[in-house]
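Student: Input file: start.txt. Contents: compact mmCIF, C-alpha atoms.
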```txt
# COMPACT_ATOMS: atom_id res chain seq x y z
CA MET A 1 107.15 104.07 122.15
CA PRO A 2 105.62 105.73 119.04
CA ALA A 3 102.96 108.37 119.64
CA PRO A 4 99.36 107.30 118.94
CA ILE A 5 98.16 107.98 115.40
CA GLU A 6 94.95 110.01 115.15
CA HIS A 7 92.36 110.31 112.41
CA VAL A 8 93.08 112.91 109.75
CA ASP A 9 90.53 115.53 108.68
CA LYS A 10 90.92 115.04 104.91
CA MET A 11 91.79 112.06 102.73
CA GLN A 12 93.45 112.12 99.30
CA ASP A 13 93.87 109.76 96.35
CA HIS A 14 96.28 106.94 97.17
CA TRP A 15 96.74 105.94 93.54
CA TRP A 16 98.88 108.80 92.26
CA TRP A 17 101.85 107.49 90.30
CA ARG A 18 104.82 107.51 92.63
CA PRO A 19 108.32 107.83 91.10
CA GLY A 20 109.24 104.79 89.02
CA TRP A 21 105.77 103.28 88.94
CA GLN A 22 103.95 102.70 85.65
CA VAL A 23 101.41 100.25 84.28
CA GLY A 24 102.90 96.77 84.00
CA ARG A 25 105.93 97.41 86.18
CA HIS A 26 106.48 94.99 89.06
CA PHE A 27 107.99 95.71 92.45
CA TYR A 28 109.84 93.30 94.75
CA ALA A 29 109.26 93.55 98.49
CA CYS A 30 109.35 91.67 101.78
CA HIS A 31 105.92 92.11 103.38
CA PHE A 32 103.65 90.06 105.62
CA ALA A 33 100.98 88.50 103.37
CA LEU A 34 97.99 87.99 105.68
CA GLY A 35 95.11 86.59 103.66
CA ASP A 36 95.35 83.20 105.39
CA HIS A 37 94.84 84.65 108.89
CA ALA A 38 91.10 84.00 109.10
CA GLU A 39 90.34 85.97 112.28
CA LEU A 40 92.19 89.03 111.01
CA ALA A 41 90.43 88.79 107.63
CA GLU A 42 87.08 88.64 109.45
CA LEU A 43 87.97 91.71 111.53
CA VAL A 44 88.84 93.58 108.33
CA ARG A 45 85.55 92.51 106.71
CA SER A 46 83.56 93.75 109.70
CA TYR A 47 84.95 97.24 109.19
CA GLN A 48 84.63 97.05 105.41
CA GLU A 49 80.90 96.38 105.75
CA ALA A 50 80.60 99.80 107.37
CA LEU A 51 82.53 101.40 104.50
CA ARG A 52 80.72 99.94 101.48
CA THR A 53 78.61 103.06 100.97
CA PHE A 54 81.70 105.25 100.41
CA PRO A 55 82.57 105.32 96.68
CA GLY A 56 85.84 107.08 97.48
CA LEU A 57 87.25 103.96 99.15
CA ASP A 58 88.68 100.83 97.53
CA LEU A 59 88.08 97.92 99.91
CA ILE A 60 90.93 95.40 99.98
CA PRO A 61 89.97 91.75 99.32
CA SER A 62 91.35 89.24 101.82
CA THR A 63 93.56 87.79 99.04
CA TRP A 64 95.60 91.00 99.03
CA LEU A 65 95.69 91.78 102.75
CA HIS A 66 99.22 92.57 103.82
CA LEU A 67 101.34 94.41 106.31
CA THR A 68 103.78 96.59 104.41
CA MET A 69 107.23 96.02 105.86
CA GLN A 70 110.16 96.59 103.49
CA GLY A 71 110.32 97.48 99.82
CA ILE A 72 113.31 96.14 97.88
CA GLY A 73 113.10 97.58 94.38
CA PHE A 74 111.64 97.26 90.90
CA LEU A 75 112.28 93.85 89.42
CA ASP A 76 113.72 95.26 86.21
CA ASP A 77 116.36 97.08 88.29
CA LEU A 78 117.48 93.90 90.08
CA THR A 79 119.68 91.15 88.67
CA ASP A 80 118.88 87.46 89.10
CA GLU A 81 122.01 87.15 91.24
CA GLN A 82 120.85 89.92 93.57
CA VAL A 83 117.39 88.36 93.95
CA THR A 84 118.96 84.99 94.76
CA ARG A 85 121.31 86.50 97.34
CA LEU A 86 118.47 88.49 98.90
CA ASN A 87 116.26 85.41 99.12
CA HIS A 88 119.00 83.34 100.75
CA GLY A 89 120.11 86.11 103.11
CA ILE A 90 116.61 86.96 104.30
CA ARG A 91 115.76 83.30 104.92
CA GLU A 92 118.95 82.79 106.91
CA ARG A 93 118.52 85.96 108.96
CA LEU A 94 114.83 85.45 109.82
CA ALA A 95 115.40 81.85 110.88
CA GLY A 96 117.14 83.19 113.98
CA LEU A 97 114.31 85.49 115.09
CA SER A 98 111.12 84.94 117.06
CA ALA A 99 107.78 85.31 115.29
CA PRO A 100 106.00 88.56 116.29
CA VAL A 101 102.72 88.25 118.18
CA VAL A 102 100.61 91.38 117.72
CA THR A 103 97.08 92.63 118.28
CA PHE A 104 94.79 94.43 115.80
CA HIS A 105 91.63 96.17 116.92
CA ARG A 106 90.32 99.65 116.03
CA PRO A 107 91.04 101.27 112.65
CA VAL A 108 92.47 104.71 112.04
CA VAL A 109 91.67 106.99 109.09
CA ARG A 110 94.83 108.37 107.51
CA ALA A 111 95.50 110.53 104.47
CA GLU A 112 95.46 107.71 101.89
CA ALA A 113 94.04 104.66 103.69
CA VAL A 114 91.99 103.26 106.53
CA TYR A 115 94.15 100.84 108.48
CA LEU A 116 94.62 98.74 111.59
CA LEU A 117 97.76 99.38 113.61
CA ALA A 118 99.78 96.42 114.90
CA ASP A 119 100.38 96.51 118.64
CA PRO A 120 103.09 96.32 119.83
CA PRO A 121 105.08 97.55 116.83
CA ALA A 122 108.53 96.62 118.17
CA PRO A 123 108.56 92.89 117.23
CA ILE A 124 107.67 93.70 113.61
CA ALA A 125 110.24 96.50 113.55
CA ALA A 126 112.85 93.95 114.63
CA VAL A 127 111.98 91.70 111.68
CA ARG A 128 112.13 94.68 109.36
CA GLU A 129 115.52 95.74 110.68
CA ALA A 130 116.88 92.24 110.03
CA VAL A 131 115.62 92.41 106.44
CA ARG A 132 117.12 95.87 106.03
CA GLU A 133 120.51 94.57 107.13
CA VAL A 134 120.42 91.98 104.36
CA LEU A 135 119.38 94.61 101.80
CA GLY A 136 122.28 96.81 102.82
CA GLN A 137 124.72 93.93 102.43
CA VAL A 138 123.43 92.84 99.01
CA LEU A 139 122.36 96.11 97.39
CA GLY A 140 124.40 98.66 99.31
CA GLU A 141 123.05 101.30 101.65
CA ASP A 142 122.62 103.82 98.82
CA ASN A 143 120.63 101.52 96.52
CA ALA A 144 118.18 99.89 98.90
CA GLU A 145 114.81 101.41 99.76
CA LEU A 146 115.68 102.19 103.35
CA ALA A 147 113.08 104.47 104.93
CA PRO A 148 114.04 105.76 108.40
CA PRO A 149 113.11 103.27 111.15
CA GLN A 150 111.46 105.98 113.24
CA SER A 151 108.84 106.58 110.51
CA PHE A 152 107.76 102.93 110.39
CA ARG A 153 104.25 102.27 111.76
CA PRO A 154 103.28 98.64 111.06
CA HIS A 155 99.68 98.38 109.90
CA VAL A 156 97.23 96.42 107.78
CA SER A 157 95.15 98.51 105.40
CA VAL A 158 91.40 97.95 105.25
CA ALA A 159 90.70 100.34 102.34
CA TYR A 160 92.55 102.80 100.12
CA SER A 161 91.25 106.27 99.34
CA ASN A 162 90.71 106.94 95.63
CA ALA A 163 89.59 110.57 95.94
CA ALA A 164 89.86 113.76 97.95
CA GLN A 165 87.21 113.47 100.68
CA SER A 166 86.34 114.27 104.26
CA ALA A 167 87.51 111.71 106.81
CA GLU A 168 84.86 112.57 109.40
CA PRO A 169 81.95 110.47 108.05
CA ILE A 170 84.28 107.54 107.44
CA ALA A 171 85.57 107.66 111.02
CA ALA A 172 81.98 107.97 112.29
CA ALA A 173 80.90 104.87 110.36
CA LEU A 174 83.82 102.88 111.77
CA GLU A 175 82.90 103.91 115.32
CA GLN A 176 79.57 102.09 114.94
CA VAL A 177 81.27 98.72 114.45
CA ALA A 178 81.43 96.44 117.49
CA ALA A 179 84.47 94.21 117.14
CA GLU A 180 86.80 92.36 119.47
CA PRO A 181 90.59 92.63 119.14
CA VAL A 182 92.39 89.91 117.22
CA VAL A 183 95.78 88.47 118.20
CA VAL A 184 97.93 87.18 115.35
CA ARG A 185 101.21 85.28 115.34
CA LEU A 186 103.18 86.37 112.28
CA ASP A 187 105.33 83.33 111.66
CA HIS A 188 106.26 84.05 108.04
CA VAL A 189 106.82 86.87 105.60
CA GLY A 190 106.34 86.88 101.85
CA LEU A 191 108.88 87.78 99.19
CA LEU A 192 106.37 89.35 96.82
CA GLU A 193 106.43 90.47 93.20
CA PHE A 194 103.48 92.79 92.66
CA HIS A 195 101.96 95.49 90.48
CA ARG A 196 99.34 98.20 91.10
CA ASP A 197 97.67 98.31 87.70
CA HIS A 198 94.08 97.87 88.96
CA ARG A 199 93.95 100.20 91.95
CA MET A 200 95.16 97.41 94.20
CA TYR A 201 98.49 95.81 95.14
CA GLU A 202 98.30 92.37 93.51
CA TRP A 203 101.20 89.96 93.63
CA THR A 204 101.95 87.61 90.77
CA ARG A 205 104.51 85.67 92.77
CA SER A 206 104.89 85.00 96.48
CA GLU A 207 107.58 83.01 98.29
CA ARG A 208 106.99 82.23 101.94
CA VAL A 209 109.87 82.79 104.35
CA ARG A 210 109.55 81.34 107.82
CA ILE A 211 110.43 83.35 110.92
CA GLY A 212 112.17 81.10 113.44
CA ARG A 213 112.94 77.42 112.99
```
Can you dump the structure from the file as structure tokens?

Tutor:
Amino acid sequence: MPAPIEHVDKMQDHWWWRPGWQVGRHFYACHFALGDHAELAELVRSYQEALRTFPGLDLIPSTWLHLTMQGIGFLDDLTDEQVTRLNHGIRERLAGLSAPVVTFHRPVVRAEAVYLLADPPAPIAAVREAVREVLGQVLGEDNAELAPPQSFRPHVSVAYSNAAQSAEPIAAALEQVAAEPVVVRLDHVGLLEFHRDHRMYEWTRSERVRIGR
């Protein structure tokens, strides 16, 4: 079982330009798009209300709530044939799995974001591993974005940090929020095409892929 994740002391800007990213460039990924889970969106909003006074945080609208699972690659690096094969392979593979059922409750302050951990992580990790198998088959192990499984901590971000700042007052504000845990059944993922031009991950296309039959 992964070790618990604790609050950090200092936060930093999340929006530095990672390798390959630039204005107007779109990325393709398989993530859980969660804006339609009303109880989870309400839990996120309850914590965001406590964070509105912090200018160094970008609060995430419910439209863009997601659980980052598996990046695939920049769209301009992928061929239409690869995208088609990935779409078909992921749909086929996830149809044979069970939908994860996870709980979200208290947020944690990390270096670049405030987020809610998914508990237990193992069912989501199983979905991710199935997607990774398809990526390896279609793109090759050396060309797919395949981060080590042991570093994967499934979570839903509440806010992104846009500046260097102390985490202590943010964590203190979150501690004042009274909120009940929320249980969510994640019965689909999204094949998303998104950019990050406006200090937010915003998808311009989303295809739903069902988990299970």

Student: Please compute the CA of Arg52 in chain A-CA of Glu39 in chain A distance, one decimal, in Å.

Tutor: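 The value is 20.1 Å.
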
Student: Just give me the residues with any atom within 12 Å of (83.1, 96.2, 115.8), file coordinates, counting only C-alpha atoms, written as number ranges by chain.

Tutor: A: 42-50, 104-107, 173-182

Student: Measuring atom to atom with all atoms listed in the file, identify which of A:His195, A:His155, A:His188, A:His26 is nearest to Pro100 in chain A.

Tutor: A:His188

Student: Find the distance between CA of Tyr160 in chain A and CA of Arg208 in chain A and write it in Å to one decimal.

Tutor: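 Atom-to-atom, CA of Tyr160 in chain A and CA of Arg208 in chain A are spaced 25.2 Å apart.
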
Student: Rank nothing, just name the residue among A:Val183, A:Leu59, A:Ile124, A:Ala172 nearest to His31 in chain A, using all atoms listed in the file.

Tutor: A:Ile124

Student: Would you list the residues near (98.4, 86.3, 114.3), meaning any protein, DNA or RNA residue with an atom at most 7 Å from that point in file coordinates, counting only C-alpha atoms, as a ChimeraX atom specification?

Tutor: /A:37,101-102,183-186

Student: Please measure the separation of CA of Val8 in chain A and CA of Glu168 in chain A, giving the value in Å to one decimal.

Tutor: 8.2 Å

Student: Which residues are near Ala159 in chain A? Cut-off 8 Å, all atoms listed in the file, ignore same chain within fewer than 6 positions. Put them as a ChimeraX atom specification.

Tutor: /A:48,57-60,113-115

Student: Compile the contact shell of Glu133 in chain A as a short mmCIF file (atom, residue, chain, number, x, y, z; two decimals) with C-alpha atoms, in the coordinates of the input: residues with an atom at most 12 Å away, counting only C-alpha atoms, same-chain residues fewer than 2 positions apart removed.

Tutor:
```
data_model
loop_
_atom_site.label_atom_id
_atom_site.label_comp_id
_atom_site.auth_asym_id
_atom_site.auth_seq_id
_atom_site.Cartn_x
_atom_site.Cartn_y
_atom_site.Cartn_z
CA GLN A 70 110.16 96.59 103.49
CA ILE A 72 113.31 96.14 97.88
CA LEU A 86 118.47 88.49 98.90
CA GLY A 89 120.11 86.11 103.11
CA ILE A 90 116.61 86.96 104.30
CA GLU A 92 118.95 82.79 106.91
CA ARG A 93 118.52 85.96 108.96
CA LEU A 94 114.83 85.45 109.82
CA ALA A 126 112.85 93.95 114.63
CA VAL A 127 111.98 91.70 111.68
CA ARG A 128 112.13 94.68 109.36
CA GLU A 129 115.52 95.74 110.68
CA ALA A 130 116.88 92.24 110.03
CA VAL A 131 115.62 92.41 106.44
CA LEU A 135 119.38 94.61 101.80
CA GLY A 136 122.28 96.81 102.82
CA GLN A 137 124.72 93.93 102.43
CA VAL A 138 123.43 92.84 99.01
CA LEU A 139 122.36 96.11 97.39
CA GLY A 140 124.40 98.66 99.31
CA GLU A 141 123.05 101.30 101.65
CA ALA A 144 118.18 99.89 98.90
CA GLU A 145 114.81 101.41 99.76
CA LEU A 146 115.68 102.19 103.35
#
```

Student: Between A:Leu117, A:Gly56, A:His88, A:His66, which is the closest to Trp15 in chain A once you count all atoms listed in the file?

Tutor: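 Under the stated criterion, the closest residue is A:Gly56.
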
Student: Report the centre and edge lengths, in Å to one decimal, of an axis-aligned box enclosing every atom of range 197-207 of chain A listed in the file, padded by 3 Å on each side, as JSON.

Tutor:
```
{"center_x": 100.8, "center_y": 91.6, "center_z": 93.0, "size_x": 19.6, "size_y": 23.2, "size_z": 16.6}
```

Student: Name the closest residue to Ser151 in chain A among the candidates A:Ala111, A:Met69, A:Leu40, A:Leu78; distances are taken between atoms, counting all atoms listed in the file.

Tutor: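 With all atoms listed in the file as the atom set, the closest residue is A:Met69.
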
Student: Compile the contact shell of Met11 in chain A as a count of residues only: residues with an atom at most 7 Å away, counting only C-alpha atoms, same-chain residues fewer than 5 positions apart removed.

Tutor: 8

Student: Given only C-alpha atoms as the basis, pick out the residue of A:Ala163, A:Leu97, A:Val134, A:Leu75 nearest to Trp16 in chain A.

Tutor: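 Once distances to Trp16 in chain A are computed over only C-alpha atoms, the minimum belongs to A:Ala163.
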
Student: For each of A:Arg18, A:Lys10, A:Arg205, A:Arg199, take the minimum atom-to-atom distance to Cys30 in chain A, counting all atoms listed in the file, then give the residue where this is smallest.

Tutor: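 For Cys30 in chain A, the nearest of the given residues is A:Arg205.
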